[in-house]
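**Q** Structure file data-v3.pdb (PDB, C-alpha atoms, pLDDT in the B column) right here:
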```pdb
ATOM      1  CA  MET A   1     -33.863-170.422 102.597  1.00 62.00           C
ATOM      2  CA  ILE A   2     -31.991-173.651 101.915  1.00 61.00           C
ATOM      3  CA  LEU A   3     -31.262-175.477 105.149  1.00 67.00           C
ATOM      4  CA  ASN A   4     -27.844-177.030 105.768  1.00 67.00           C
ATOM      5  CA  HIS A   5     -29.061-180.627 105.666  1.00 65.00           C
ATOM      6  CA  TYR A   6     -29.836-180.144 101.957  1.00 63.00           C
ATOM      7  CA  LEU A   7     -26.298-178.922 101.312  1.00 64.00           C
ATOM      8  CA  VAL A   8     -24.379-181.770 102.972  1.00 64.00           C
ATOM      9  CA  GLU A   9     -23.072-183.213  99.713  1.00 63.00           C
ATOM     10  CA  ALA A  10     -23.340-180.073  97.620  1.00 66.00           C
ATOM     11  CA  SER A  11     -20.481-179.225  95.346  1.00 68.00           C
ATOM     12  CA  PRO A  12     -18.574-176.103  96.458  1.00 69.00           C
ATOM     13  CA  ASP A  13     -19.138-174.567  93.015  1.00 72.00           C
ATOM     14  CA  ALA A  14     -22.870-175.334  92.955  1.00 74.00           C
ATOM     15  CA  THR A  15     -25.069-172.332  92.380  1.00 75.00           C
ATOM     16  CA  TYR A  16     -27.973-171.249  94.555  1.00 77.00           C
ATOM     17  CA  PHE A  17     -30.398-172.609  91.968  1.00 75.00           C
ATOM     18  CA  GLN A  18     -28.669-175.984  91.784  1.00 77.00           C
ATOM     19  CA  ASN A  19     -28.988-176.260  95.558  1.00 75.00           C
ATOM     20  CA  LEU A  20     -32.617-175.158  95.316  1.00 79.00           C
ATOM     21  CA  TYR A  21     -33.184-177.909  92.735  1.00 79.00           C
ATOM     22  CA  ILE A  22     -31.853-180.464  95.239  1.00 78.00           C
ATOM     23  CA  LYS A  23     -34.014-179.056  98.036  1.00 80.00           C
ATOM     24  CA  VAL A  24     -37.184-179.232  95.941  1.00 82.00           C
ATOM     25  CA  ALA A  25     -36.329-182.716  94.682  1.00 81.00           C
ATOM     26  CA  VAL A  26     -35.740-184.028  98.222  1.00 80.00           C
ATOM     27  CA  GLU A  27     -38.918-182.395  99.541  1.00 83.00           C
ATOM     28  CA  SER A  28     -40.839-183.890  96.604  1.00 85.00           C
ATOM     29  CA  GLY A  29     -39.690-187.357  97.595  1.00 85.00           C
ATOM     30  CA  LEU A  30     -37.461-188.124  94.621  1.00 77.00           C
ATOM     31  CA  GLN A  31     -35.255-191.072  95.490  1.00 70.00           C
ATOM     32  CA  THR A  32     -32.430-190.390  93.068  1.00 71.00           C
ATOM     33  CA  LEU A  33     -31.026-187.018  92.149  1.00 70.00           C
ATOM     34  CA  SER A  34     -29.213-187.116  88.866  1.00 75.00           C
ATOM     35  CA  PRO A  35     -29.737-183.824  87.086  1.00 76.00           C
ATOM     36  CA  THR A  36     -29.300-183.918  83.354  1.00 82.00           C
ATOM     37  CA  PRO A  37     -26.813-181.578  81.680  1.00 86.00           C
ATOM     38  CA  GLU A  38     -29.801-179.539  80.519  1.00 88.00           C
ATOM     39  CA  THR A  39     -30.974-179.112  84.125  1.00 82.00           C
ATOM     40  CA  VAL A  40     -27.522-177.947  85.203  1.00 80.00           C
ATOM     41  CA  ILE A  41     -27.390-175.486  82.297  1.00 86.00           C
ATOM     42  CA  PHE A  42     -30.848-174.174  83.174  1.00 85.00           C
ATOM     43  CA  CYS A  43     -29.892-173.718  86.830  1.00 81.00           C
ATOM     44  CA  LYS A  44     -26.725-171.875  85.821  1.00 84.00           C
ATOM     45  CA  MET A  45     -28.774-169.648  83.493  1.00 88.00           C
ATOM     46  CA  LEU A  46     -31.103-168.785  86.372  1.00 86.00           C
ATOM     47  CA  ASP A  47     -28.088-168.026  88.537  1.00 85.00           C
ATOM     48  CA  ILE A  48     -26.706-165.636  85.902  1.00 88.00           C
ATOM     49  CA  ILE A  49     -30.077-163.889  85.652  1.00 90.00           C
ATOM     50  CA  TYR A  50     -30.242-163.636  89.448  1.00 86.00           C
ATOM     51  CA  ASN A  51     -26.713-162.184  89.672  1.00 87.00           C
ATOM     52  CA  ASP A  52     -27.468-159.672  86.901  1.00 91.00           C
ATOM     53  CA  TYR A  53     -30.645-158.662  88.731  1.00 91.00           C
ATOM     54  CA  ARG A  54     -28.812-158.187  92.048  1.00 89.00           C
ATOM     55  CA  ASN A  55     -26.033-156.188  90.349  1.00 93.00           C
ATOM     56  CA  SER A  56     -28.616-153.965  88.661  1.00 94.00           C
ATOM     57  CA  ILE A  57     -30.377-153.311  91.977  1.00 93.00           C
ATOM     58  CA  THR A  58     -27.043-152.439  93.626  1.00 93.00           C
ATOM     59  CA  ALA A  59     -26.136-150.047  90.789  1.00 94.00           C
ATOM     60  CA  LEU A  60     -29.583-148.429  90.944  1.00 94.00           C
ATOM     61  CA  LYS A  61     -29.259-147.914  94.708  1.00 94.00           C
ATOM     62  CA  LYS A  62     -25.878-146.225  94.168  1.00 93.00           C
ATOM     63  CA  HIS A  63     -27.384-143.900  91.554  1.00 93.00           C
ATOM     64  CA  ILE A  64     -30.244-143.037  93.900  1.00 93.00           C
ATOM     65  CA  ASP A  65     -27.782-142.311  96.720  1.00 92.00           C
ATOM     66  CA  VAL A  66     -25.771-140.003  94.454  1.00 91.00           C
ATOM     67  CA  LEU A  67     -28.918-138.160  93.409  1.00 91.00           C
ATOM     68  CA  GLY A  68     -29.942-137.838  97.043  1.00 88.00           C
ATOM     69  CA  ASP A  69     -26.590-136.288  97.920  1.00 85.00           C
ATOM     70  CA  GLU A  70     -26.920-133.569  95.267  1.00 77.00           C
TER
END
```
Would you encode the structure as structure tokens?
**A**
Amino acid sequence: MILNHYLVEASPDATYFQNLYIKVAVESGLQTLSPTPETVIFCKMLDIIYNDYRNSITALKKHIDVLGDE
């Protein structure tokens, strides 16, 4: 879980993984947080993978429910 004090200056369009990057950086004691474009791209890629995973799980649960109803 990412606590609110890590999200104080977070961008509203930041992904979960971008916020996680900030949390880990702060907990690691990094003084400056200036992610490179590559880091942002990587975090967005992880977010896409995560969303695809969650959507797949949701679809699978729906299929299981339909099979259970038959």
**Q** So, with all atoms listed in the file as the atoms that count, which of A:Lys61, A:Gln18, A:Asn51, A:Met45 lies closest to Leu33 in chain A?
**A** A:Gln18
**Q** Quick one: apply the PyMOL selection byres ((chain A and resi 17) around 8) to the file and drop the selected residues here as a list in words.
**A** Thr15, Tyr16, Gln18, Asn19, Leu20, Tyr21, Cys43, Lys44, Leu46 and Asp47 of chain A
**Q** Have a look at CA of Pro35 in chain A and CA of Tyr53 in chain A and let me know their distance in Å, one decimal.
**A**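 So the answer is 25.2 Å.
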**Q** Kindly give the distance, in Å, that separates CA of Val66 in chain A and CA of Ile49 in chain A, rounded to a single decimal.
**A** 25.8 Å
**Q** Grab the CA of Glu70 in chain A to CA of Ser56 in chain A distance for me, in Å with one decimal place.
**A**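 We find that CA of Glu70 in chain A and CA of Ser56 in chain A lie 21.5 Å from each other.
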